[in-house]
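Just entry.txt here, compact mmCIF, C-alpha atoms (C1' of nucleotides):
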```txt
# COMPACT_ATOMS: atom_id res chain seq x y z
CA MET L 18 18.05 -4.61 25.32
CA PHE L 19 16.52 -1.44 23.92
CA ASP L 20 19.58 -0.09 22.11
CA GLN L 21 18.34 -0.86 18.63
CA ILE L 22 14.86 0.48 19.21
CA HIS L 23 16.29 3.59 20.87
CA GLN L 24 18.42 4.16 17.80
CA TYR L 25 15.31 3.79 15.65
CA TYR L 26 13.36 6.30 17.73
CA LYS L 27 16.11 8.90 17.86
CA ASN L 28 16.60 8.55 14.15
CA LEU L 29 12.95 9.07 13.31
CA LEU L 30 12.37 11.67 16.02
CA PRO L 31 15.43 13.64 17.14
CA GLU L 32 13.28 15.72 19.50
CA LEU L 33 12.34 12.67 21.57
CA THR L 34 12.41 13.65 25.25
CA ASP L 35 13.98 11.60 28.02
CA GLU L 36 10.67 11.63 29.82
CA ALA L 37 8.79 10.14 26.87
CA TRP L 38 11.51 7.58 26.26
CA ALA L 39 11.37 6.57 29.93
CA TYR L 40 7.61 6.10 29.52
CA CYS L 41 8.31 3.71 26.65
CA THR L 42 11.08 1.65 28.23
CA GLU L 43 8.99 1.13 31.34
CA ARG L 44 6.29 -0.43 29.17
CA PHE L 45 8.25 -2.31 26.53
CA THR L 46 8.29 -6.05 26.98
CA VAL L 47 10.85 -8.29 25.34
CA ARG L 48 9.78 -11.61 23.95
CA SER L 49 11.43 -14.56 22.25
CA VAL L 50 9.67 -16.18 19.33
CA LYS L 51 10.86 -19.55 18.10
CA LYS L 52 10.97 -20.45 14.43
CA GLY L 53 7.49 -21.44 13.31
CA GLU L 54 5.75 -19.77 16.25
CA PHE L 55 2.88 -17.37 15.62
CA LEU L 56 3.02 -13.76 16.64
CA LEU L 57 -0.55 -13.31 15.52
CA ARG L 58 -3.23 -15.50 13.99
CA GLU L 59 -5.65 -14.44 11.28
CA GLY L 60 -8.87 -13.32 12.99
CA GLU L 61 -7.28 -12.22 16.24
CA ILE L 62 -7.06 -8.54 17.07
CA CYS L 63 -3.50 -7.28 16.83
CA ARG L 64 -2.68 -5.79 20.26
CA TYR L 65 0.95 -4.85 19.74
CA VAL L 66 3.37 -3.07 17.57
CA SER L 67 6.55 -5.09 17.85
CA PHE L 68 10.10 -4.03 17.10
CA ILE L 69 12.34 -6.81 15.79
CA ASN L 70 15.69 -6.96 17.55
CA SER L 71 16.69 -10.07 15.64
CA GLY L 72 15.14 -12.65 13.37
CA THR L 73 12.78 -12.66 10.41
CA LEU L 74 9.01 -13.05 10.26
CA TYR L 75 6.41 -13.10 7.56
CA GLY L 76 2.71 -12.46 7.27
CA TYR L 77 0.37 -14.54 5.19
CA ARG L 78 -3.29 -14.92 4.43
CA LEU L 79 -5.00 -18.21 3.59
CA GLU L 80 -6.63 -18.05 0.17
CA GLU L 81 -8.24 -21.12 -1.31
CA GLY L 82 -6.07 -23.29 0.91
CA LYS L 83 -2.89 -21.54 -0.17
CA GLU L 84 -0.68 -19.10 1.68
CA THR L 85 -0.47 -15.64 0.20
CA VAL L 86 2.45 -13.71 1.64
CA VAL L 87 1.48 -10.13 2.49
CA GLY L 88 4.65 -9.04 4.22
CA ILE L 89 8.20 -9.98 5.12
CA PHE L 90 9.57 -8.44 8.30
CA LEU L 91 13.29 -8.11 8.99
CA GLU L 92 15.25 -7.00 12.05
CA ASN L 93 15.47 -3.35 13.04
CA SER L 94 11.98 -2.68 11.82
CA TYR L 95 8.46 -3.13 13.08
CA VAL L 96 6.07 -6.00 12.62
CA SER L 97 2.33 -5.67 13.13
CA GLU L 98 -1.03 -5.98 11.46
CA TYR L 99 -1.38 -2.26 11.79
CA ALA L 100 -4.84 -1.95 10.24
CA SER L 101 -6.11 -4.48 12.79
CA PHE L 102 -4.21 -2.70 15.55
CA LEU L 103 -5.60 0.73 14.66
CA GLN L 104 -9.19 -0.31 14.15
CA ARG L 105 -9.28 -3.02 16.81
CA LYS L 106 -10.79 -5.41 14.33
CA PRO L 107 -9.81 -8.99 13.43
CA SER L 108 -6.57 -9.25 11.54
CA THR L 109 -6.64 -10.34 7.93
CA PHE L 110 -3.39 -12.27 8.11
CA SER L 111 -1.20 -14.34 10.40
CA ILE L 112 2.37 -13.56 11.40
CA VAL L 113 4.90 -16.33 11.90
CA ALA L 114 8.61 -16.46 12.68
CA LEU L 115 10.82 -17.74 9.88
CA GLU L 116 13.78 -17.88 12.25
CA ASP L 117 14.09 -17.56 16.01
CA ALA L 118 13.42 -13.93 16.78
CA GLU L 119 13.62 -11.46 19.63
CA ILE L 120 11.03 -8.72 19.59
CA VAL L 121 9.99 -5.78 21.75
CA ASP L 122 6.24 -5.39 22.24
CA PHE L 123 4.50 -2.08 22.82
CA SER L 124 0.81 -2.53 23.61
CA TYR L 125 -2.18 -0.67 22.20
CA ASP L 126 -3.19 0.81 25.54
CA ASP L 127 0.30 1.93 26.43
CA ILE L 128 0.68 3.54 23.03
CA GLN L 129 -2.64 5.38 23.21
CA ASN L 130 -1.77 6.56 26.70
CA GLY L 131 1.57 7.72 25.45
CA TYR L 132 -0.16 9.73 22.74
CA ASN L 133 -2.35 11.39 25.36
CA GLN L 134 0.48 12.20 27.73
CA PHE L 135 3.24 13.30 25.38
CA LYS L 136 2.95 15.53 22.37
CA VAL L 137 6.21 14.09 21.11
CA MET L 138 4.68 10.60 21.16
CA GLU L 139 1.76 11.83 19.15
CA ARG L 140 4.27 13.04 16.61
CA PHE L 141 6.07 9.73 16.70
CA GLY L 142 2.81 7.98 15.88
CA ARG L 143 2.28 10.36 13.00
CA TYR L 144 5.76 9.72 11.65
CA ILE L 145 5.26 5.97 11.84
CA ALA L 146 1.96 6.18 9.97
CA GLU L 147 3.49 8.52 7.38
CA TYR L 148 6.40 6.18 6.92
CA LEU L 149 4.09 3.20 6.46
CA PHE L 150 2.04 5.20 4.01
CA MET L 151 5.10 5.92 1.91
CA SER L 152 6.23 2.28 1.99
CA PHE L 153 2.80 1.23 0.79
CA ASP L 154 2.92 3.88 -1.89
CA GLU L 155 6.04 2.15 -3.24
CA ARG L 156 4.43 -1.25 -3.05
CA ILE L 157 1.34 -0.06 -4.92
CA TYR L 158 3.55 1.39 -7.61
CA SER L 159 5.37 -1.91 -7.86
CA LEU L 160 2.19 -4.00 -8.10
CA HIS L 161 0.39 -1.57 -10.37
CA SER L 162 3.03 -0.51 -12.84
CA LEU L 163 5.91 -2.95 -12.88
CA SER L 164 6.22 -6.35 -14.55
CA ALA L 165 7.01 -9.42 -12.47
CA GLU L 166 10.61 -9.17 -13.60
CA GLN L 167 10.88 -5.52 -12.63
CA ARG L 168 9.30 -6.19 -9.24
CA TYR L 169 11.88 -8.89 -8.66
CA GLN L 170 14.77 -6.62 -9.60
CA ASN L 171 13.38 -3.88 -7.43
CA LEU L 172 13.31 -6.19 -4.45
CA VAL L 173 16.81 -7.48 -5.08
CA ASN L 174 18.12 -3.94 -5.33
CA THR L 175 16.45 -2.66 -2.19
CA ASN L 176 16.97 -5.83 -0.20
CA PRO L 177 19.75 -7.99 -1.60
CA THR L 178 20.06 -10.16 1.51
CA ILE L 179 16.46 -11.29 1.57
CA PHE L 180 17.13 -14.32 -0.65
CA GLN L 181 19.58 -15.67 1.89
CA ARG L 182 16.97 -15.61 4.61
CA VAL L 183 13.59 -16.20 3.05
CA PRO L 184 12.56 -19.21 0.90
CA GLN L 185 12.06 -18.32 -2.72
CA TYR L 186 8.46 -19.51 -2.87
CA LEU L 187 7.49 -17.06 -0.12
CA ILE L 188 9.20 -14.23 -1.95
CA ALA L 189 7.37 -15.24 -5.13
CA SER L 190 4.06 -15.06 -3.31
CA TYR L 191 4.99 -11.67 -1.87
CA LEU L 192 5.77 -10.46 -5.40
CA GLY L 193 2.45 -11.81 -6.62
CA ILE L 194 3.80 -14.52 -8.90
CA SER L 195 4.13 -18.31 -8.83
CA PRO L 196 7.31 -19.96 -7.54
CA GLU L 197 7.88 -21.40 -11.00
CA ALA L 198 7.71 -17.96 -12.57
CA LEU L 199 10.22 -16.55 -10.09
CA SER L 200 12.57 -19.45 -10.74
CA ARG L 201 12.41 -18.76 -14.47
CA ILE L 202 12.91 -15.02 -14.02
CA ARG L 203 16.04 -15.66 -11.97
CA LYS L 204 17.36 -18.07 -14.56
CA ARG L 205 16.71 -15.60 -17.35
CA LEU L 206 18.47 -12.76 -15.52
CA SER L 207 21.49 -14.79 -14.39
CA SER L 208 22.46 -15.95 -17.88
CA MET D 20 -17.35 27.82 2.38
CA PHE D 21 -15.74 25.55 4.99
CA ASP D 22 -18.85 23.62 6.03
CA GLN D 23 -17.88 20.40 4.31
CA ILE D 24 -14.31 20.41 5.51
CA HIS D 25 -15.46 21.30 9.03
CA GLN D 26 -17.74 18.31 8.95
CA TYR D 27 -14.83 16.15 7.82
CA TYR D 28 -12.60 17.42 10.63
CA LYS D 29 -15.19 17.01 13.37
CA ASN D 30 -15.96 13.54 12.15
CA LEU D 31 -12.36 12.39 12.16
CA LEU D 32 -11.46 14.31 15.32
CA PRO D 33 -14.31 15.05 17.72
CA GLU D 34 -11.89 16.67 20.18
CA LEU D 35 -10.97 19.42 17.69
CA THR D 36 -10.72 22.71 19.59
CA ASP D 37 -12.21 26.01 18.43
CA GLU D 38 -8.79 27.55 18.68
CA ALA D 39 -7.20 24.99 16.37
CA TRP D 40 -10.10 25.20 13.95
CA ALA D 41 -9.76 28.99 13.88
CA TYR D 42 -6.07 28.54 13.07
CA CYS D 43 -7.09 26.41 10.09
CA THR D 44 -9.86 28.61 8.69
CA GLU D 45 -7.59 31.65 8.84
CA ARG D 46 -5.14 29.81 6.59
CA PHE D 47 -7.36 27.85 4.23
CA THR D 48 -7.57 29.25 0.72
CA VAL D 49 -10.36 28.40 -1.67
CA ARG D 50 -9.55 27.84 -5.31
CA SER D 51 -11.48 27.05 -8.48
CA VAL D 52 -10.02 24.55 -10.88
CA LYS D 53 -11.47 24.29 -14.37
CA LYS D 54 -11.87 21.00 -16.16
CA GLY D 55 -8.55 19.97 -17.64
CA GLU D 56 -6.52 22.29 -15.40
CA PHE D 57 -3.58 20.93 -13.45
CA LEU D 58 -3.45 21.00 -9.68
CA LEU D 59 0.07 19.61 -9.79
CA ARG D 60 2.50 18.56 -12.49
CA GLU D 61 4.79 15.56 -12.30
CA GLY D 62 8.17 16.73 -11.02
CA GLU D 63 6.87 19.67 -9.01
CA ILE D 64 6.91 19.55 -5.24
CA CYS D 65 3.41 19.18 -3.84
CA ARG D 66 2.90 22.12 -1.48
CA TYR D 67 -0.70 21.58 -0.46
CA VAL D 68 -3.16 19.16 0.87
CA SER D 69 -6.42 20.10 -0.79
CA PHE D 70 -9.95 19.31 0.29
CA ILE D 71 -12.41 18.86 -2.57
CA ASN D 72 -15.64 20.78 -2.03
CA SER D 73 -16.93 19.79 -5.44
CA GLY D 74 -15.68 18.17 -8.62
CA THR D 75 -13.54 15.20 -9.53
CA LEU D 76 -9.83 14.95 -10.23
CA TYR D 77 -7.41 12.23 -11.14
CA GLY D 78 -3.71 11.59 -10.84
CA TYR D 79 -1.62 10.01 -13.54
CA ARG D 80 1.95 9.19 -14.35
CA LEU D 81 3.41 9.14 -17.86
CA GLU D 82 4.84 5.72 -18.67
CA GLU D 83 6.15 5.00 -22.15
CA GLY D 84 4.02 7.80 -23.51
CA LYS D 85 0.87 6.48 -21.88
CA GLU D 86 -1.07 7.76 -18.90
CA THR D 87 -1.18 5.44 -15.94
CA VAL D 88 -3.88 6.48 -13.50
CA VAL D 89 -2.67 6.32 -9.91
CA GLY D 90 -5.66 7.86 -8.19
CA ILE D 91 -9.18 9.16 -8.62
CA PHE D 92 -10.26 11.90 -6.22
CA LEU D 93 -13.89 12.68 -5.48
CA GLU D 94 -15.59 15.45 -3.53
CA ASN D 95 -15.54 15.50 0.27
CA SER D 96 -12.11 13.95 0.39
CA TYR D 97 -8.55 15.11 0.03
CA VAL D 98 -6.36 15.26 -3.03
CA SER D 99 -2.59 15.48 -2.84
CA GLU D 100 0.65 13.78 -3.80
CA TYR D 101 1.20 13.12 -0.14
CA ALA D 102 4.56 11.36 -0.48
CA SER D 103 5.88 14.40 -2.36
CA PHE D 104 4.25 16.70 0.19
CA LEU D 105 5.76 14.90 3.19
CA GLN D 106 9.25 14.47 1.80
CA ARG D 107 9.38 17.74 -0.14
CA LYS D 108 10.60 15.88 -3.17
CA PRO D 109 9.37 16.00 -6.79
CA SER D 110 5.99 14.42 -7.30
CA THR D 111 5.77 11.20 -9.28
CA PHE D 112 2.44 12.05 -10.88
CA SER D 113 0.30 14.91 -12.14
CA ILE D 114 -3.14 15.85 -10.87
CA VAL D 115 -5.79 17.17 -13.25
CA ALA D 116 -9.45 18.15 -12.91
CA LEU D 117 -11.90 15.89 -14.72
CA GLU D 118 -14.70 18.36 -14.03
CA ASP D 119 -14.74 21.93 -12.77
CA ALA D 120 -13.80 21.71 -9.11
CA GLU D 121 -13.68 23.84 -5.99
CA ILE D 122 -10.95 22.97 -3.54
CA VAL D 123 -9.62 24.25 -0.22
CA ASP D 124 -5.83 24.41 0.03
CA PHE D 125 -3.88 24.03 3.24
CA SER D 126 -0.17 24.70 2.76
CA TYR D 127 2.80 22.69 3.98
CA ASP D 128 4.13 25.48 6.18
CA ASP D 129 0.76 26.23 7.74
CA ILE D 130 0.24 22.56 8.47
CA GLN D 131 3.66 22.08 10.04
CA ASN D 132 3.10 25.21 12.14
CA GLY D 133 -0.27 23.85 13.16
CA TYR D 134 1.39 20.63 14.28
CA ASN D 135 3.84 22.60 16.39
CA GLN D 136 1.24 24.83 17.97
CA PHE D 137 -1.62 22.43 18.65
CA LYS D 138 -1.43 18.92 20.00
CA VAL D 139 -4.83 18.24 18.52
CA MET D 140 -3.51 19.12 15.06
CA GLU D 141 -0.66 16.71 15.51
CA ARG D 142 -3.28 14.09 16.22
CA PHE D 143 -5.24 15.12 13.18
CA GLY D 144 -2.13 14.61 11.04
CA ARG D 145 -1.70 11.19 12.57
CA TYR D 146 -5.29 10.24 11.85
CA ILE D 147 -4.98 11.36 8.24
CA ALA D 148 -1.81 9.32 7.75
CA GLU D 149 -3.39 6.31 9.46
CA TYR D 150 -6.44 6.61 7.27
CA LEU D 151 -4.33 6.83 4.12
CA PHE D 152 -2.34 3.82 5.29
CA MET D 153 -5.51 1.78 5.65
CA SER D 154 -6.81 2.84 2.23
CA PHE D 155 -3.52 1.79 0.68
CA ASP D 156 -3.69 -1.49 2.58
CA GLU D 157 -6.96 -2.18 0.76
CA ARG D 158 -5.53 -1.18 -2.57
CA ILE D 159 -2.51 -3.45 -2.11
CA TYR D 160 -4.82 -6.32 -1.25
CA SER D 161 -6.82 -5.62 -4.38
CA LEU D 162 -3.79 -5.46 -6.66
CA HIS D 163 -2.01 -8.38 -5.03
CA SER D 164 -4.75 -10.91 -4.46
CA LEU D 165 -7.74 -10.16 -6.65
CA SER D 166 -8.32 -10.87 -10.32
CA ALA D 167 -9.11 -8.03 -12.71
CA GLU D 168 -12.78 -9.00 -12.52
CA GLN D 169 -12.80 -9.02 -8.73
CA ARG D 170 -11.03 -5.65 -8.59
CA TYR D 171 -13.70 -4.25 -10.88
CA GLN D 172 -16.53 -5.64 -8.74
CA ASN D 173 -14.85 -4.33 -5.63
CA LEU D 174 -14.72 -0.85 -7.09
CA VAL D 175 -18.31 -0.96 -8.26
CA ASN D 176 -19.44 -2.06 -4.80
CA THR D 177 -17.50 0.55 -2.87
CA ASN D 178 -18.05 3.34 -5.38
CA PRO D 179 -21.04 2.71 -7.64
CA THR D 180 -21.26 6.29 -8.89
CA ILE D 181 -17.72 6.47 -10.21
CA PHE D 182 -18.70 5.14 -13.64
CA GLN D 183 -21.05 8.04 -14.14
CA ARG D 184 -18.28 10.54 -13.59
CA VAL D 185 -15.03 9.02 -14.79
CA PRO D 186 -14.34 7.67 -18.30
CA GLN D 187 -14.01 3.92 -18.38
CA TYR D 188 -10.51 3.92 -19.84
CA LEU D 189 -9.22 5.90 -16.85
CA ILE D 190 -10.88 3.48 -14.46
CA ALA D 191 -9.31 0.59 -16.37
CA SER D 192 -5.90 2.13 -15.96
CA TYR D 193 -6.53 2.70 -12.26
CA LEU D 194 -7.47 -0.98 -11.94
CA GLY D 195 -4.31 -1.96 -13.78
CA ILE D 196 -5.93 -3.38 -16.91
CA SER D 197 -6.45 -2.30 -20.52
CA PRO D 198 -9.65 -0.49 -21.55
CA GLU D 199 -10.50 -3.43 -23.80
CA ALA D 200 -10.22 -5.86 -20.91
CA LEU D 201 -12.51 -3.73 -18.73
CA SER D 202 -15.04 -3.48 -21.53
CA ARG D 203 -15.09 -7.27 -21.87
CA ILE D 204 -15.34 -7.79 -18.10
CA ARG D 205 -18.38 -5.52 -17.99
CA LYS D 206 -19.98 -7.32 -20.89
CA ARG D 207 -19.37 -10.69 -19.28
CA LEU D 208 -20.87 -9.59 -15.95
CA SER D 209 -23.90 -7.83 -17.40
CA SER D 210 -25.13 -10.81 -19.38
C1' DC J 30 -24.99 18.31 -37.22
C1' DG J 31 -20.17 16.99 -37.86
C1' DA J 32 -15.95 16.07 -35.36
C1' DT J 33 -13.77 14.04 -31.74
C1' DT J 34 -13.55 11.02 -27.98
C1' DT J 35 -14.76 6.84 -25.87
C1' DT J 36 -16.25 2.16 -25.98
C1' DT J 37 -16.76 -2.17 -28.17
C1' DT J 38 -15.46 -6.15 -30.91
C1' DG J 39 -12.31 -9.38 -33.25
C1' DA J 40 -7.87 -11.74 -34.06
C1' DA J 41 -3.15 -12.63 -33.00
C1' DT J 42 0.28 -12.75 -29.45
C1' DC J 43 2.40 -12.83 -24.96
C1' DA J 44 3.23 -13.51 -20.05
C1' DT J 45 2.21 -16.11 -16.41
C1' DA J 46 -0.46 -19.92 -14.23
C1' DT J 47 -1.02 -24.61 -13.69
C1' DC J 48 0.08 -29.37 -13.57
C1' DA J 49 3.37 -32.90 -13.44
C1' DA J 50 7.83 -34.68 -12.96
C1' DC J 51 12.39 -34.52 -11.62
C1' DG J 52 16.57 -32.74 -9.12
C1' DT J 53 18.67 -31.03 -5.05
C1' DA J 54 19.55 -29.74 -0.30
C1' DC J 55 18.91 -30.32 4.28
C1' DG J 56 18.09 -32.11 8.83
C1' DT J 57 16.89 -36.05 11.75
C1' DG J 58 16.82 -40.47 13.57
C1' DG J 59 18.98 -44.83 13.27
C1' DC O 4 28.03 -40.45 10.18
C1' DC O 5 25.27 -42.05 6.77
C1' DA O 6 20.69 -42.75 4.74
C1' DC O 7 16.41 -41.54 4.20
C1' DG O 8 12.56 -38.47 3.97
C1' DT O 9 10.70 -34.11 3.39
C1' DA O 10 10.83 -29.53 1.74
C1' DC O 11 12.36 -26.59 -1.82
C1' DG O 12 13.69 -25.45 -6.46
C1' DT O 13 13.81 -26.31 -11.43
C1' DT O 14 12.17 -27.68 -15.87
C1' DG O 15 8.84 -28.88 -19.53
C1' DA O 16 4.19 -28.95 -21.65
C1' DT O 17 -0.17 -27.00 -21.89
C1' DA O 18 -3.90 -23.77 -20.59
C1' DT O 19 -5.60 -19.23 -19.59
C1' DG O 20 -6.34 -14.47 -19.12
C1' DA O 21 -4.92 -10.21 -20.58
C1' DT O 22 -2.40 -7.33 -24.05
C1' DT O 23 -1.93 -5.33 -28.42
C1' DC O 24 -3.36 -3.76 -32.79
C1' DA O 25 -6.93 -2.62 -35.92
C1' DA O 26 -11.36 -1.16 -36.98
C1' DA O 27 -16.18 -0.36 -36.23
C1' DA O 28 -19.85 1.40 -33.29
C1' DA O 29 -21.55 4.54 -29.94
C1' DA O 30 -21.53 8.58 -27.17
C1' DT O 31 -20.32 13.33 -26.34
C1' DC O 32 -19.26 18.07 -27.40
C1' DG O 33 -18.97 22.46 -29.70
```

Encoded form (structure tokens):
Amino acid sequence: MFDQIHQYYKNLLPELTDEAWAYCTERFTVRSVKKGEFLLREGEICRYVSFINSGTLYGYRLEEGKETVVGIFLENSYVSEYASFLQRKPSTFSIVALEDAEIVDFSYDDIQNGYNQFKVMERFGRYIAEYLFMSFDERIYSLHSLSAEQRYQNLVNTNPTIFQRVPQYLIASYLGISPEALSRIRKRLSS
Amino acid sequence: MFDQIHQYYKNLLPELTDEAWAYCTERFTVRSVKKGEFLLREGEICRYVSFINSGTLYGYRLEEGKETVVGIFLENSYVSEYASFLQRKPSTFSIVALEDAEIVDFSYDDIQNGYNQFKVMERFGRYIAEYLFMSFDERIYSLHSLSAEQRYQNLVNTNPTIFQRVPQYLIASYLGISPEALSRIRKRLSS
DNA sequence: CGATTTTTTGAATCATATCAACGTACGTGG
DNA sequence: CCACGTACGTTGATATGATTCAAAAAATCG
């Protein structure tokens, strides 16, 4: 049940204590999310950080009636609207399952309590935030300095399997281009 | 000397202890940076997180012989190549003073030691990373979902004074547009 | 004040968006 | 199991916003 997430923790934080890990496992709750179900709706406060045991989800914002994809979340990583979670303010996007998924929830209160009780948890929280910061750093670089074509190639290189699991028009939106443009880029690069 | 940074700490972290603060002040080093001087050069490992007492700096990357501005750093905030700092890997951009500046350095080793010795410092590091994450979240939104004109207006609203201190062509680069485009946007909006 | 840097303006060009139509794949109910 | 409908992907034509290049105008600095 918690094998994957335990692996993730130990990997990020070798000094994790048994005591702190026990604190976590006692509070984790496993949940099944069916394809098309919402994990979070725009405007709600995000109360959990959720580890994805299996499945794929994506986050989107409604803009002028259209979906803008802000994130794609794959297994063995976390899904959350972390800014909403941290600030306890309404989320700016919704999260939906693209496929049936199994996730492990860890609630805001349990996490804050964990920070208070265990120094090693405090460090874990720091590592998570630092990791997210660095991921965002990459994404800013991509959006700021790369062409649509380069952003596409970047994504294919770092995540070759994503096209087998996520519809192309959602990937296009995530990359900040139209579905037509992505189709043409792929055609251009394949020939 | 450390009044501003003390204010910043207490604001972010009301539970800061005298002991932890003493640890910091004993290790802070104040430095003057003249206009045009480098705080960090692309390729070097960033060894400090620096608080800006006064002055303005900016970070840029060289791309096809041109400067791409990745950040603008104003007084009473931090300047660093934090991804380089955290991972101890070569920085992807340089940092230069736009005006004479006074900064307070806190070194990597002293910070890591602080994390080990004081739980409250560990929390401080978490808060900093969480804050940076949320700033980047905003920037990604801006680059992903707003037009050049909207990004400009956004910047003017959140930071009206920046145009008095930073040349327009650097701001244009930071916004991801050409100086000519920014000039035309300003003309369009002023009329 | 002159020299240099920064900003503005104009014209040509380019990448991507948009709109519309068509092709294809997929899953569901008959 | 096939047929139909819906969702997704591709292609073409046109529109749009931003880039690039060149040059002039304005601001800044020594």

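Residues with any atom within 9 Å of segment 77-90 of chain D, counting all atoms listed in the file and excluding same-chain neighbours fewer than 3 positions away, are Tyr158, His161 and Ser162 of chain L; Leu59, Glu61, Leu93, Val98, Ser99, Glu100, Thr111, Phe112, Ser113, Ile114, Val115, Ala116, Leu117, Leu189, Ile190, Ala191, Ser192, Tyr193, Leu194 and Gly195 of chain D.
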
**Request:** Enumerate as a PyMOL selection string the residues belonging to chain L that approach chain O to within 10 Å, with only C-alpha atoms (C1' of nucleotides) taken into account.
**Result:** chain L and resi 184-186+196-197+200-201+204

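Put simply, atom CA of Phe90 of chain L is 12.6 Å away from atom CA of Thr178 of chain L.
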
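Comparing the minimum interatomic distances between chain D and each of L:Glu155, L:Glu147, L:Glu166, L:Glu36, counting only C-alpha atoms, we find that L:Glu147 sits nearest.
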
Take every atom of segment 152-166 of chain L listed in the file, fit an axis-aligned box around them, add 8 Å per side, and give the centre and edge lengths in Å to one decimal as lines of an AutoDock Vina configuration file.
```
center_x = 5.5
center_y = -2.8
center_z = -6.3
size_x = 26.2
size_y = 29.3
size_z = 32.5
```

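The smallest atom-to-atom distance between Arg44 of chain L and any of L:Ile128, L:Leu56, L:Leu29, L:Leu74, using all atoms listed in the file, is found for L:Ile128.
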
**Item:** Nearest candidate to chain J (options D:Ala200, D:Leu208, D:Glu141, D:Glu34; using only C-alpha atoms (C1' of nucleotides))
**Value:** D:Ala200

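The interface of chain L with chain D at 7 Å, considering all atoms listed in the file, consists of Ala100, Lys136, Glu139, Arg140, Gly142, Arg143, Ala146, Glu147, Leu149, Phe150, Met151, Phe153, Ile157, Leu160, His161 and Gly193 of chain L.
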
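Between atom CA of Tyr125 of chain L and atom CA of Tyr65 of chain L there is a distance of 5.8 Å.
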
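For the set J:DT37, J:DG52, J:DC43, J:DG31, the residue with the smallest atom-to-atom gap to chain D is J:DT37, counting only C-alpha atoms (C1' of nucleotides).
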
**Message:** Rounded to one decimal, what separation in Å do you get between atom CA of Glu56 of chain D and atom CA of Lys108 of chain D?
**Reply:** 22.0 Å

Could you produce a table of the residues of chain J lying within 10 Å of chain L, with the nearest pair of atoms per residue and their separation in Å rounded to one decimal, using only C-alpha atoms (C1' of nucleotides), ordered by chain and increasing residue number, as a tab-separated table?
```
residue	atom	partner	partner_atom	distance
J:DA44	C1'	L:Ala165	CA	9.4
J:DT45	C1'	L:Ala198	CA	7.0
J:DA46	C1'	L:Ser195	CA	7.3
J:DT47	C1'	L:Ser195	CA	9.5
```
